[in-house]
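Notes follow the structure.
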Amino acid sequence: MRVLLVEDDPIQSEMVEEALLNFGYEVTCAANGRDAFNLLRAGGYSIVVSDWEMPEMNGIELCRMIRSKYKASYIYIILVTSRRGTECVVEGLNAGADDFISKPVHPQELFVRVRAGERVLSLESRDLTIFSLAKLAESRDTETGAHLERMREYSRIVGQQLSTHHKFKDELDGDNIQLIYLTSPLHDIGKVGIPDSVLLKAGKLTKEEFEIMKQHAEIGGRTLDAAANAYPDASFLNMARDIAWTHHEKYDGSGYPHGLSGEKIPLCGRIVAIADVYDALTSKRVYKEAFSHEKARQIVLEGKAKHFDPYVVDAFMESEDQILEISGRFHENDEVILHSPLTPLNGAPTLCTPPVKTRTSASPIAVSS
Amino acid sequence: MMSSVTQNSSIPEVQEAPIQFDELVERCLGKIEFAERILTKFNERFPESIDQLVQSSEQGDLETVASVAHRLKGAAANISAPGILAVVEQIETKGRSGQADDLACCFDQLMSEWTRLTDYTTSRNLAPSDS
């Protein structure tokens, strides 16, 4: 990892550079903020360690310039200073610094702070990679609007509600809920292995075609399982694998690909199942209109202990307001049918949002009951 | 060795060694030669800093006095020179608050501390740095 060291004092510069080199980093030195900024334009630096007070452009000004000019990738900034007090911390953080280190710099402290920066940077690329892969897989499936954005929010909401239940509070801690949020978009990544003739068919699938389509759960699960085995420390891959493999399993064992039932289905799979189905029900498809929330809600309730884990259904119902808020927020470019007091008594739904360009998906998988 | 303290100065007495060499070596990752090179570099650059301080003070440019003192403070802290550090901290404070009246005493004290330091480095037979 390349570090840009910005320090006008030659002694401090040499000592910090020596420490960083000793810890295995590539180091480039600049004597002031302006030179540093020019070096940054060439790219390739992920971490900046900068003195606060310097001629021409000080550390605070450099922070502000970096934050305003560099949006494509994140640069982690550590400010080196002998200043003390809350005001200075606030000023530094406000300017965009991520961390501070006091003078005189101790090599071990420098090392752990730079390493903390590396951890933050790796998270940024991980989250971006996960969502990009998911979007890529989804892109073949004609337009699905903000399906991934909605269903990860639904998954998070249901997970958070479920975590308040004593049965799940240990398993669904904050970290796991965040992992479900991050990895649930990968649930259909196996669709990259489904031929266009099936995936992009405009109309209902035949029995044989549906059998092919069902393979996406196995394909996604096996692919992510291989990745998880190759990188056992990457816990998010285990979660992604479980979701991809089991989000079409049903509580009563009538799902696919393995006919798992009850709590043999990983909890993350049980949560994503309800999120995925609800979104499919309330989204327009080639072969159907979007169902109203009321109708989708009824279908979910009827699926309690059959399609869906009863606890998960209860959590879904208890967080209905939040679910509706997400549905409204992310459906703005899709047609949304919401239950409204204006709905005529015969049940014909009323379009509550102005019609815009309709986005449709050919994915038929979620409507089976 | 006791440092001299002038009557009108508020500089505290400093009785420590001019440098905490073990601390410096630790900060230099245990590399004694590197620590010695840093120390030599400090000594070579010091006269320029003291000249800047004196000239700025004579010109009434207390902002530069404070700025140079701040930089010297960082270097002194890095090489673990407590005597020099204490004096430059005082100089920086006086520069920032506009107290020019006893800066000359501070500079005398600073020179005295530096003499102690150079005696120490001479006793270690330190070679000049590459820079």
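Simple scheme: letters A, B, ... for chains in structure tokens order, numbers from 1 for residues in each chain, numbers from 1 for ligands in the order shown.
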Please identify all residues of chain B having at least one atom at most 6 Å from any atom of chain A, considering only C-alpha atoms, and return them as a list in words.
Arg27, Ala77 and Asn78 of chain B
So that I can see what lies close to Leu281 (chain A), please list as a list of chain:residue names the residues with an atom at most 9 Å from it, counting only C-alpha atoms and leaving out residues fewer than 3 positions away in the same chain.
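Once the adjacent positions are removed, what remains is A:Asp276, A:Val277, A:Tyr278, A:Lys284, A:Arg285, A:Glu289, A:Ala290, A:Phe291, A:Ser292, A:His293, A:Lys295, A:Ala296, A:Ile299, A:Ala366, A:Val367.
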To one decimal place, how far is CA of Arg150 (chain A) from CA of Asp279 (chain A) in Å?
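Answer for the CA of Arg150 (chain A) to CA of Asp279 (chain A) separation: 7.3 Å.
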Picked from region 34-189 of chain A by DSSP as strand (DSSP E or B), as an MDAnalysis selection string
chainID A and resid 47:51 76:81 99:102
Can I get the selection written as a compact mmCIF listing (two decimals), in the first residue's frame, with N, CA and C atoms?
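The result, written out as result-v6.txt:
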# COMPACT_ATOMS: atom_id res chain seq x y z
N ILE A 47 -3.35 6.24 1.43
CA ILE A 47 -3.23 6.78 2.79
C ILE A 47 -2.32 8.01 2.74
N VAL A 48 -2.75 9.05 3.44
CA VAL A 48 -1.93 10.25 3.58
C VAL A 48 -1.67 10.46 5.07
N VAL A 49 -0.38 10.60 5.41
CA VAL A 49 0.00 10.97 6.78
C VAL A 49 0.58 12.37 6.69
N SER A 50 -0.11 13.31 7.29
CA SER A 50 0.26 14.71 7.08
C SER A 50 0.43 15.47 8.37
N ASP A 51 1.47 16.29 8.40
CA ASP A 51 1.64 17.23 9.49
C ASP A 51 0.53 18.26 9.42
N TYR A 76 -7.51 7.74 2.95
CA TYR A 76 -7.54 7.79 4.41
C TYR A 76 -6.47 8.77 4.89
N ILE A 77 -6.90 9.73 5.71
CA ILE A 77 -5.98 10.81 6.11
C ILE A 77 -5.73 10.76 7.61
N ILE A 78 -4.45 10.72 7.96
CA ILE A 78 -4.05 10.79 9.37
C ILE A 78 -3.30 12.11 9.55
N LEU A 79 -3.74 12.91 10.50
CA LEU A 79 -3.07 14.18 10.78
C LEU A 79 -2.11 14.00 11.95
N VAL A 80 -0.90 14.52 11.78
CA VAL A 80 0.11 14.46 12.83
C VAL A 80 0.19 15.83 13.47
N THR A 81 0.02 15.87 14.77
CA THR A 81 -0.03 17.19 15.40
C THR A 81 0.34 17.13 16.87
N ASP A 99 -8.12 10.32 11.26
CA ASP A 99 -7.49 9.95 12.52
C ASP A 99 -6.39 10.97 12.83
N PHE A 100 -5.91 10.89 14.06
CA PHE A 100 -4.85 11.79 14.50
C PHE A 100 -3.75 10.95 15.14
N ILE A 101 -2.53 11.51 15.10
CA ILE A 101 -1.45 10.92 15.86
C ILE A 101 -0.64 12.07 16.46
N SER A 102 -0.30 11.89 17.75
CA SER A 102 0.36 13.00 18.45
C SER A 102 1.86 12.98 18.21
Would you please extract all helix (DSSP H, G or I) residues from chain B, as assigned by DSSP on the backbone, and give them as a CSV table (one decimal) with N, CA, C and O atoms, in the first residue's frame?
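Just written: out39.csv:
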chain,number,residue,atom,x,y,z
B,21,PHE,N,18.4,9.3,25.4
B,21,PHE,CA,18.9,8.6,24.2
B,21,PHE,C,18.1,7.3,24.0
B,21,PHE,O,17.8,6.9,22.9
B,22,ASP,N,17.8,6.6,25.1
B,22,ASP,CA,17.1,5.3,25.0
B,22,ASP,C,15.7,5.6,24.3
B,22,ASP,O,15.3,4.8,23.5
B,23,GLU,N,15.1,6.7,24.7
B,23,GLU,CA,13.8,7.0,24.0
B,23,GLU,C,13.9,7.2,22.5
B,23,GLU,O,13.1,6.8,21.7
B,24,LEU,N,15.0,8.0,22.2
B,24,LEU,CA,15.3,8.3,20.8
B,24,LEU,C,15.5,7.0,20.0
B,24,LEU,O,15.0,6.8,18.9
B,25,VAL,N,16.3,6.1,20.6
B,25,VAL,CA,16.6,4.8,19.9
B,25,VAL,C,15.3,4.0,19.7
B,25,VAL,O,15.0,3.4,18.7
B,26,GLU,N,14.4,4.0,20.7
B,26,GLU,CA,13.1,3.3,20.6
B,26,GLU,C,12.3,3.9,19.5
B,26,GLU,O,11.7,3.2,18.7
B,27,ARG,N,12.3,5.2,19.4
B,27,ARG,CA,11.6,5.9,18.4
B,27,ARG,C,12.2,5.7,17.0
B,27,ARG,O,11.5,5.8,16.0
B,32,ILE,N,20.4,2.1,16.5
B,32,ILE,CA,21.3,3.1,17.1
B,32,ILE,C,21.9,4.0,16.1
B,32,ILE,O,22.0,5.2,16.3
B,33,GLU,N,22.4,3.4,15.0
B,33,GLU,CA,23.0,4.3,14.0
B,33,GLU,C,22.1,5.3,13.4
B,33,GLU,O,22.5,6.4,13.2
B,34,PHE,N,20.8,4.9,13.2
B,34,PHE,CA,19.8,5.8,12.7
B,34,PHE,C,19.6,6.9,13.7
B,34,PHE,O,19.5,8.1,13.4
B,35,ALA,N,19.5,6.5,15.0
B,35,ALA,CA,19.3,7.5,16.0
B,35,ALA,C,20.4,8.5,16.1
B,35,ALA,O,20.2,9.7,16.2
B,36,GLU,N,21.6,8.0,15.9
B,36,GLU,CA,22.8,8.9,15.9
B,36,GLU,C,22.8,9.8,14.7
B,36,GLU,O,23.1,11.0,14.8
B,37,ARG,N,22.3,9.3,13.6
B,37,ARG,CA,22.3,10.1,12.4
B,37,ARG,C,21.2,11.2,12.6
B,37,ARG,O,21.4,12.4,12.2
B,38,ILE,N,20.1,10.9,13.2
B,38,ILE,CA,19.1,11.9,13.4
B,38,ILE,C,19.6,13.0,14.4
B,38,ILE,O,19.3,14.2,14.2
B,39,LEU,N,20.3,12.6,15.4
B,39,LEU,CA,20.8,13.5,16.4
B,39,LEU,C,21.8,14.5,15.7
B,39,LEU,O,21.8,15.7,15.9
B,40,THR,N,22.7,13.9,14.8
B,40,THR,CA,23.6,14.8,14.1
B,40,THR,C,22.9,15.7,13.2
B,40,THR,O,23.3,16.9,13.2
B,41,LYS,N,21.9,15.3,12.6
B,41,LYS,CA,21.1,16.1,11.7
B,41,LYS,C,20.5,17.3,12.5
B,41,LYS,O,20.5,18.4,12.0
B,42,PHE,N,20.0,17.0,13.6
B,42,PHE,CA,19.4,18.0,14.5
B,42,PHE,C,20.4,19.1,14.8
B,42,PHE,O,20.2,20.3,14.7
B,43,ASN,N,21.6,18.6,15.2
B,43,ASN,CA,22.6,19.6,15.6
B,43,ASN,C,23.1,20.4,14.4
B,43,ASN,O,23.4,21.6,14.6
B,44,GLU,N,23.1,19.9,13.2
B,44,GLU,CA,23.5,20.6,12.0
B,44,GLU,C,22.5,21.7,11.7
B,44,GLU,O,22.9,22.7,11.2
B,45,ARG,N,21.3,21.4,11.9
B,45,ARG,CA,20.2,22.3,11.5
B,45,ARG,C,19.9,23.4,12.6
B,45,ARG,O,19.3,24.4,12.3
B,46,PHE,N,20.3,23.1,13.8
B,46,PHE,CA,19.9,23.9,14.9
B,46,PHE,C,20.4,25.4,14.7
B,46,PHE,O,19.6,26.3,15.0
B,47,PRO,N,21.7,25.6,14.3
B,47,PRO,CA,22.1,27.0,14.2
B,47,PRO,C,21.3,27.9,13.3
B,47,PRO,O,21.0,29.0,13.6
B,48,GLU,N,20.8,27.3,12.2
B,48,GLU,CA,19.9,28.0,11.3
B,48,GLU,C,18.6,28.4,12.0
B,48,GLU,O,18.1,29.5,11.8
B,49,SER,N,18.1,27.5,12.8
B,49,SER,CA,16.9,27.8,13.5
B,49,SER,C,17.0,28.9,14.5
B,49,SER,O,16.2,29.8,14.6
B,50,ILE,N,18.1,28.8,15.3
B,50,ILE,CA,18.4,29.9,16.3
B,50,ILE,C,18.6,31.2,15.6
B,50,ILE,O,18.1,32.3,16.1
B,51,ASP,N,19.2,31.2,14.5
B,51,ASP,CA,19.4,32.5,13.7
B,51,ASP,C,18.1,33.0,13.3
B,51,ASP,O,17.8,34.3,13.4
B,52,GLN,N,17.2,32.2,12.8
B,52,GLN,CA,15.9,32.6,12.4
B,52,GLN,C,15.1,33.2,13.6
B,52,GLN,O,14.4,34.2,13.5
B,53,LEU,N,15.2,32.6,14.7
B,53,LEU,CA,14.5,33.0,15.9
B,53,LEU,C,15.0,34.4,16.3
B,53,LEU,O,14.2,35.3,16.6
B,54,VAL,N,16.3,34.6,16.3
B,54,VAL,CA,16.9,35.9,16.8
B,54,VAL,C,16.5,37.0,15.8
B,54,VAL,O,16.1,38.0,16.2
B,55,GLN,N,16.7,36.7,14.5
B,55,GLN,CA,16.4,37.7,13.5
B,55,GLN,C,14.9,38.1,13.5
B,55,GLN,O,14.6,39.3,13.5
B,56,SER,N,14.1,37.1,13.6
B,56,SER,CA,12.6,37.4,13.6
B,56,SER,C,12.3,38.2,14.9
B,56,SER,O,11.5,39.2,14.8
B,57,SER,N,12.9,37.9,16.0
B,57,SER,CA,12.6,38.6,17.2
B,57,SER,C,13.1,40.1,17.1
B,57,SER,O,12.4,41.0,17.5
B,58,GLU,N,14.3,40.3,16.5
B,58,GLU,CA,14.8,41.6,16.3
B,58,GLU,C,13.9,42.5,15.4
B,58,GLU,O,13.8,43.7,15.5
B,62,LEU,N,6.9,38.3,15.6
B,62,LEU,CA,6.7,37.3,16.6
B,62,LEU,C,5.9,36.1,16.0
B,62,LEU,O,6.0,35.0,16.6
B,63,GLU,N,5.3,36.3,14.9
B,63,GLU,CA,4.6,35.2,14.3
B,63,GLU,C,5.6,34.2,13.8
B,63,GLU,O,5.4,33.0,14.0
B,64,THR,N,6.7,34.7,13.2
B,64,THR,CA,7.7,33.8,12.7
B,64,THR,C,8.4,33.2,13.9
B,64,THR,O,8.8,32.0,13.8
B,65,VAL,N,8.6,33.9,14.9
B,65,VAL,CA,9.3,33.4,16.1
B,65,VAL,C,8.5,32.2,16.6
B,65,VAL,O,9.0,31.1,16.9
B,66,ALA,N,7.2,32.3,16.7
B,66,ALA,CA,6.3,31.2,17.2
B,66,ALA,C,6.4,30.0,16.2
B,66,ALA,O,6.4,28.9,16.6
B,67,SER,N,6.4,30.4,14.9
B,67,SER,CA,6.3,29.3,13.9
B,67,SER,C,7.6,28.5,13.9
B,67,SER,O,7.6,27.3,13.8
B,68,VAL,N,8.8,29.2,14.0
B,68,VAL,CA,10.1,28.5,14.0
B,68,VAL,C,10.2,27.7,15.3
B,68,VAL,O,10.7,26.6,15.3
B,69,ALA,N,9.7,28.3,16.4
B,69,ALA,CA,9.8,27.6,17.7
B,69,ALA,C,8.9,26.3,17.7
B,69,ALA,O,9.3,25.3,18.2
B,70,HIS,N,7.8,26.4,17.0
B,70,HIS,CA,6.9,25.3,16.9
B,70,HIS,C,7.6,24.1,16.1
B,70,HIS,O,7.5,23.0,16.5
B,71,ARG,N,8.3,24.5,15.1
B,71,ARG,CA,8.9,23.5,14.3
B,71,ARG,C,10.1,22.9,15.1
B,71,ARG,O,10.3,21.6,15.1
B,72,LEU,N,10.8,23.7,15.8
B,72,LEU,CA,11.9,23.2,16.6
B,72,LEU,C,11.4,22.4,17.8
B,72,LEU,O,12.1,21.4,18.2
B,73,LYS,N,10.2,22.7,18.2
B,73,LYS,CA,9.6,22.0,19.3
B,73,LYS,C,9.4,20.5,18.9
B,73,LYS,O,9.7,19.6,19.6
B,74,GLY,N,8.9,20.4,17.7
B,74,GLY,CA,8.6,19.0,17.1
B,74,GLY,C,9.9,18.2,17.0
B,74,GLY,O,9.9,17.1,17.4
B,75,ALA,N,10.9,18.9,16.5
B,75,ALA,CA,12.2,18.2,16.3
B,75,ALA,C,12.8,17.8,17.7
B,75,ALA,O,13.3,16.7,17.8
B,76,ALA,N,12.7,18.7,18.6
B,76,ALA,CA,13.3,18.4,20.0
B,76,ALA,C,12.5,17.3,20.6
B,76,ALA,O,13.1,16.4,21.3
B,77,ALA,N,11.2,17.3,20.4
B,77,ALA,CA,10.4,16.2,21.0
B,77,ALA,C,10.8,14.8,20.3
B,77,ALA,O,10.9,13.8,21.0
B,78,ASN,N,11.0,14.9,19.0
B,78,ASN,CA,11.4,13.7,18.3
B,78,ASN,C,12.7,13.1,18.8
B,78,ASN,O,12.9,11.9,18.8
B,82,PRO,N,14.7,17.0,26.4
B,82,PRO,CA,13.7,17.7,27.3
B,82,PRO,C,14.1,19.1,27.6
B,82,PRO,O,13.2,20.0,27.7
B,83,GLY,N,15.4,19.4,27.7
B,83,GLY,CA,15.8,20.7,28.0
B,83,GLY,C,15.5,21.7,26.9
B,83,GLY,O,14.9,22.7,27.1
B,84,ILE,N,15.9,21.3,25.7
B,84,ILE,CA,15.6,22.2,24.5
B,84,ILE,C,14.1,22.3,24.4
B,84,ILE,O,13.5,23.4,24.1
B,85,LEU,N,13.4,21.2,24.5
B,85,LEU,CA,11.9,21.2,24.4
B,85,LEU,C,11.2,22.2,25.3
B,85,LEU,O,10.4,22.9,24.9
B,86,ALA,N,11.7,22.2,26.6
B,86,ALA,CA,11.0,23.1,27.6
B,86,ALA,C,11.2,24.5,27.2
B,86,ALA,O,10.3,25.3,27.3
B,87,VAL,N,12.4,24.8,26.7
B,87,VAL,CA,12.7,26.2,26.3
B,87,VAL,C,12.0,26.7,25.1
B,87,VAL,O,11.4,27.7,25.0
B,88,VAL,N,12.0,25.8,24.1
B,88,VAL,CA,11.3,26.3,22.8
B,88,VAL,C,9.7,26.3,23.0
B,88,VAL,O,9.1,27.1,22.4
B,89,GLU,N,9.2,25.5,23.9
B,89,GLU,CA,7.8,25.6,24.3
B,89,GLU,C,7.5,27.0,24.8
B,89,GLU,O,6.5,27.7,24.5
B,90,GLN,N,8.4,27.5,25.7
B,90,GLN,CA,8.2,28.8,26.3
B,90,GLN,C,8.3,29.9,25.2
B,90,GLN,O,7.5,30.9,25.2
B,91,ILE,N,9.3,29.7,24.3
B,91,ILE,CA,9.5,30.7,23.2
B,91,ILE,C,8.2,30.7,22.3
B,91,ILE,O,7.7,31.8,21.9
B,92,GLU,N,7.7,29.6,22.0
B,92,GLU,CA,6.5,29.5,21.2
B,92,GLU,C,5.3,30.2,21.8
B,92,GLU,O,4.6,31.0,21.2
B,93,THR,N,5.2,29.9,23.1
B,93,THR,CA,4.1,30.6,23.9
B,93,THR,C,4.2,32.1,23.9
B,93,THR,O,3.3,32.8,23.6
B,94,LYS,N,5.5,32.6,24.1
B,94,LYS,CA,5.7,34.0,24.1
B,94,LYS,C,5.4,34.6,22.8
B,94,LYS,O,4.9,35.7,22.6
B,95,GLY,N,5.9,33.9,21.7
B,95,GLY,CA,5.7,34.4,20.4
B,95,GLY,C,4.2,34.5,20.0
B,95,GLY,O,3.8,35.5,19.5
B,96,ARG,N,3.4,33.5,20.4
B,96,ARG,CA,2.0,33.5,20.1
B,96,ARG,C,1.2,34.6,20.9
B,96,ARG,O,0.2,35.1,20.4
B,97,SER,N,1.7,34.8,22.1
B,97,SER,CA,1.0,35.8,23.0
B,97,SER,C,1.6,37.2,22.9
B,97,SER,O,1.1,38.1,23.6
B,103,LEU,N,12.5,37.5,25.5
B,103,LEU,CA,12.8,36.5,24.5
B,103,LEU,C,14.4,36.3,24.5
B,103,LEU,O,14.8,35.2,24.3
B,104,ALA,N,15.1,37.4,24.7
B,104,ALA,CA,16.6,37.3,24.6
B,104,ALA,C,17.1,36.3,25.7
B,104,ALA,O,18.0,35.5,25.4
B,105,CYS,N,16.5,36.3,26.9
B,105,CYS,CA,16.9,35.4,27.9
B,105,CYS,C,16.6,33.9,27.5
B,105,CYS,O,17.4,33.0,27.8
B,106,CYS,N,15.4,33.8,26.9
B,106,CYS,CA,15.1,32.5,26.4
B,106,CYS,C,16.1,31.9,25.4
B,106,CYS,O,16.5,30.8,25.4
B,107,PHE,N,16.5,32.8,24.5
B,107,PHE,CA,17.5,32.4,23.5
B,107,PHE,C,18.8,32.0,24.1
B,107,PHE,O,19.4,31.0,23.7
B,108,ASP,N,19.2,32.7,25.2
B,108,ASP,CA,20.4,32.4,25.9
B,108,ASP,C,20.3,31.0,26.5
B,108,ASP,O,21.2,30.2,26.4
B,109,GLN,N,19.1,30.8,27.1
B,109,GLN,CA,18.9,29.5,27.7
B,109,GLN,C,18.9,28.4,26.6
B,109,GLN,O,19.4,27.3,26.9
B,110,LEU,N,18.3,28.7,25.5
B,110,LEU,CA,18.3,27.7,24.4
B,110,LEU,C,19.7,27.3,23.9
B,110,LEU,O,20.0,26.2,23.7
B,111,MET,N,20.5,28.3,23.8
B,111,MET,CA,21.9,28.1,23.4
B,111,MET,C,22.6,27.2,24.4
B,111,MET,O,23.4,26.4,24.1
B,112,SER,N,22.3,27.5,25.7
B,112,SER,CA,22.9,26.8,26.8
B,112,SER,C,22.5,25.3,26.7
B,112,SER,O,23.4,24.4,26.8
B,113,GLU,N,21.3,25.1,26.4
B,113,GLU,CA,20.8,23.7,26.3
B,113,GLU,C,21.4,23.0,25.1
B,113,GLU,O,21.8,21.8,25.2
B,114,TRP,N,21.6,23.8,24.0
B,114,TRP,CA,22.1,23.2,22.8
B,114,TRP,C,23.6,22.8,23.1
B,114,TRP,O,24.1,21.8,22.6
B,115,THR,N,24.3,23.6,23.8
B,115,THR,CA,25.7,23.4,24.1
B,115,THR,C,25.8,22.0,24.9
B,115,THR,O,26.7,21.2,24.6
B,116,ARG,N,24.9,21.8,25.8
B,116,ARG,CA,24.9,20.6,26.6
B,116,ARG,C,24.7,19.4,25.6
B,116,ARG,O,25.3,18.3,25.8
B,117,LEU,N,23.8,19.6,24.6
B,117,LEU,CA,23.5,18.6,23.7
B,117,LEU,C,24.7,18.3,22.8
B,117,LEU,O,25.0,17.1,22.6
B,118,THR,N,25.3,19.3,22.3
B,118,THR,CA,26.5,19.1,21.4
B,118,THR,C,27.7,18.4,22.2
B,118,THR,O,28.4,17.6,21.7
B,119,ASP,N,27.8,18.8,23.5
B,119,ASP,CA,28.8,18.1,24.3
B,119,ASP,C,28.5,16.6,24.4
B,119,ASP,O,29.4,15.8,24.3
B,120,TYR,N,27.3,16.3,24.5
B,120,TYR,CA,26.8,14.9,24.6
B,120,TYR,C,27.1,14.2,23.3
B,120,TYR,O,27.7,13.1,23.3
B,121,THR,N,26.8,14.8,22.2
B,121,THR,CA,27.0,14.1,20.9
B,121,THR,C,28.5,14.0,20.6
B,121,THR,O,28.9,13.0,20.1
B,122,THR,N,29.3,15.0,21.0
B,122,THR,CA,30.7,14.9,20.9
B,122,THR,C,31.3,13.8,21.7
B,122,THR,O,32.1,13.0,21.2
B,123,SER,N,30.7,13.6,22.8
B,123,SER,CA,31.2,12.5,23.7
B,123,SER,C,30.9,11.1,23.1
B,123,SER,O,31.6,10.2,23.4
I'd like the neighbourhood of Ile180 (chain A) as a PyMOL selection string, where a residue qualifies if any of its atoms comes within 9 Å (using only C-alpha atoms), though same-chain residues fewer than 6 positions away should be ignored.
chain A and resi 152+155-156+159+236+239-240+243+268+271-272
Just all heavy atoms for this one: save the residues we selected as a CSV table (one decimal), in the first residue's frame.
chain,number,residue,atom,x,y,z
A,152,ARG,N,-32.7,-5.4,0.0
A,152,ARG,CA,-31.7,-5.4,1.1
A,152,ARG,C,-32.2,-4.5,2.3
A,152,ARG,O,-32.0,-4.8,3.5
A,152,ARG,CB,-30.4,-4.9,0.6
A,152,ARG,CG,-30.2,-3.5,0.3
A,152,ARG,CD,-28.8,-3.1,0.0
A,152,ARG,NE,-28.6,-1.7,-0.4
A,152,ARG,CZ,-27.5,-1.2,-0.7
A,152,ARG,NH1,-26.4,-1.9,-0.7
A,152,ARG,NH2,-27.4,0.1,-1.1
A,155,SER,N,-34.7,-6.7,4.1
A,155,SER,CA,-34.0,-7.7,4.8
A,155,SER,C,-33.5,-7.1,6.1
A,155,SER,O,-33.5,-7.7,7.2
A,155,SER,CB,-32.9,-8.3,4.0
A,155,SER,OG,-33.3,-8.9,2.9
A,156,ARG,N,-32.9,-5.9,6.0
A,156,ARG,CA,-32.3,-5.3,7.2
A,156,ARG,C,-33.4,-5.0,8.2
A,156,ARG,O,-33.3,-5.2,9.4
A,156,ARG,CB,-31.6,-4.0,6.8
A,156,ARG,CG,-31.1,-3.2,8.0
A,156,ARG,CD,-30.5,-1.8,7.5
A,156,ARG,NE,-31.4,-1.0,6.8
A,156,ARG,CZ,-32.3,-0.2,7.4
A,156,ARG,NH1,-32.4,-0.2,8.7
A,156,ARG,NH2,-33.2,0.5,6.7
A,159,GLY,N,-34.7,-8.1,9.8
A,159,GLY,CA,-33.6,-8.6,10.7
A,159,GLY,C,-33.6,-7.9,12.0
A,159,GLY,O,-33.4,-8.4,13.1
A,236,PHE,N,-18.2,-12.6,5.2
A,236,PHE,CA,-19.3,-12.2,4.4
A,236,PHE,C,-19.6,-13.2,3.3
A,236,PHE,O,-20.8,-13.3,2.8
A,236,PHE,CB,-19.1,-10.7,3.9
A,236,PHE,CG,-18.2,-10.6,2.7
A,236,PHE,CD1,-18.6,-10.7,1.4
A,236,PHE,CD2,-16.8,-10.4,2.9
A,236,PHE,CE1,-17.7,-10.6,0.3
A,236,PHE,CE2,-15.9,-10.3,1.9
A,236,PHE,CZ,-16.4,-10.4,0.6
A,239,MET,N,-22.0,-15.8,4.5
A,239,MET,CA,-23.4,-15.3,4.6
A,239,MET,C,-24.0,-15.3,3.1
A,239,MET,O,-25.1,-15.7,2.9
A,239,MET,CB,-23.4,-13.9,5.2
A,239,MET,CG,-24.7,-13.2,5.3
A,239,MET,SD,-25.8,-13.8,6.6
A,239,MET,CE,-24.9,-13.1,8.1
A,240,ALA,N,-23.2,-14.7,2.2
A,240,ALA,CA,-23.7,-14.6,0.8
A,240,ALA,C,-24.0,-16.0,0.3
A,240,ALA,O,-25.1,-16.2,-0.4
A,240,ALA,CB,-22.6,-13.9,0.0
A,243,ILE,N,-27.3,-17.3,1.7
A,243,ILE,CA,-28.5,-16.6,1.1
A,243,ILE,C,-28.7,-17.1,-0.3
A,243,ILE,O,-29.9,-17.4,-0.7
A,243,ILE,CB,-28.3,-15.1,1.2
A,243,ILE,CG1,-28.3,-14.6,2.7
A,243,ILE,CG2,-29.3,-14.3,0.3
A,243,ILE,CD1,-28.0,-13.1,2.8
A,268,CYS,N,-30.6,-16.3,7.7
A,268,CYS,CA,-30.4,-15.3,6.7
A,268,CYS,C,-31.3,-15.6,5.4
A,268,CYS,O,-31.9,-14.8,4.8
A,268,CYS,CB,-29.0,-15.1,6.3
A,268,CYS,SG,-28.1,-16.6,5.8
A,271,ILE,N,-34.9,-14.9,6.1
A,271,ILE,CA,-35.2,-13.5,6.1
A,271,ILE,C,-35.3,-13.0,4.7
A,271,ILE,O,-36.2,-12.3,4.3
A,271,ILE,CB,-34.2,-12.7,6.9
A,271,ILE,CG1,-34.3,-13.0,8.4
A,271,ILE,CG2,-34.3,-11.2,6.7
A,271,ILE,CD1,-33.2,-12.5,9.3
A,272,VAL,N,-34.3,-13.3,3.9
A,272,VAL,CA,-34.2,-12.8,2.5
A,272,VAL,C,-35.4,-13.4,1.7
A,272,VAL,O,-35.9,-12.7,0.8
A,272,VAL,CB,-32.8,-13.2,1.9
A,272,VAL,CG1,-32.8,-12.8,0.4
A,272,VAL,CG2,-31.7,-12.4,2.6
As an exercise, work out the distance from CA of Ile177 (chain A) to CA of Ile157 (chain A) in Å and give it to one decimal place.
8.9 Å
Contacts of region 130-138 of chain A at 7 Å (only C-alpha atoms; same-chain gap of 6+ positions) as a list in words
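The contact residues come out as Thr183, Pro185, Leu186, Ile189, Lys191 and Val192 of chain A.
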Point-to-point distance in Å for CA of Glu16 (chain B) and CA of Gln99 (chain B):
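Atom-to-atom, CA of Gln99 (chain B) to CA of Glu16 (chain B), that is 27.1 Å.
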Compile the contact shell of Gln322 (chain A) as a list in words: residues with an atom at most 10 Å away, counting only C-alpha atoms, same-chain residues fewer than 6 positions apart removed.
Glu153, Tyr154, Ile157, Val158, Phe316 and Gly328 of chain A
Using N, CA, C and O atoms, can you write the selected residues to a file as a short mmCIF file (atom, residue, chain, number, x, y, z; two decimals), in the first residue's frame?
data_model
loop_
_atom_site.label_atom_id
_atom_site.label_comp_id
_atom_site.auth_asym_id
_atom_site.auth_seq_id
_atom_site.Cartn_x
_atom_site.Cartn_y
_atom_site.Cartn_z
N GLU A 153 -32.98 -3.47 1.98
CA GLU A 153 -33.58 -2.67 3.06
C GLU A 153 -34.64 -3.47 3.79
O GLU A 153 -34.70 -3.47 5.02
N TYR A 154 -35.48 -4.21 3.03
CA TYR A 154 -36.49 -5.06 3.68
C TYR A 154 -35.80 -6.08 4.59
O TYR A 154 -36.25 -6.34 5.71
N ILE A 157 -34.56 -4.44 7.74
CA ILE A 157 -35.66 -4.07 8.65
C ILE A 157 -36.20 -5.29 9.37
O ILE A 157 -36.41 -5.28 10.59
N VAL A 158 -36.44 -6.36 8.61
CA VAL A 158 -36.97 -7.58 9.22
C VAL A 158 -35.95 -8.15 10.20
O VAL A 158 -36.31 -8.60 11.29
N PHE A 316 -41.96 -9.25 10.05
CA PHE A 316 -42.34 -8.49 8.85
C PHE A 316 -43.58 -7.65 9.15
O PHE A 316 -43.62 -6.45 8.85
N GLY A 328 -42.22 2.84 -0.91
CA GLY A 328 -42.56 4.13 -1.51
C GLY A 328 -41.35 4.87 -2.00
O GLY A 328 -41.32 5.43 -3.09
#
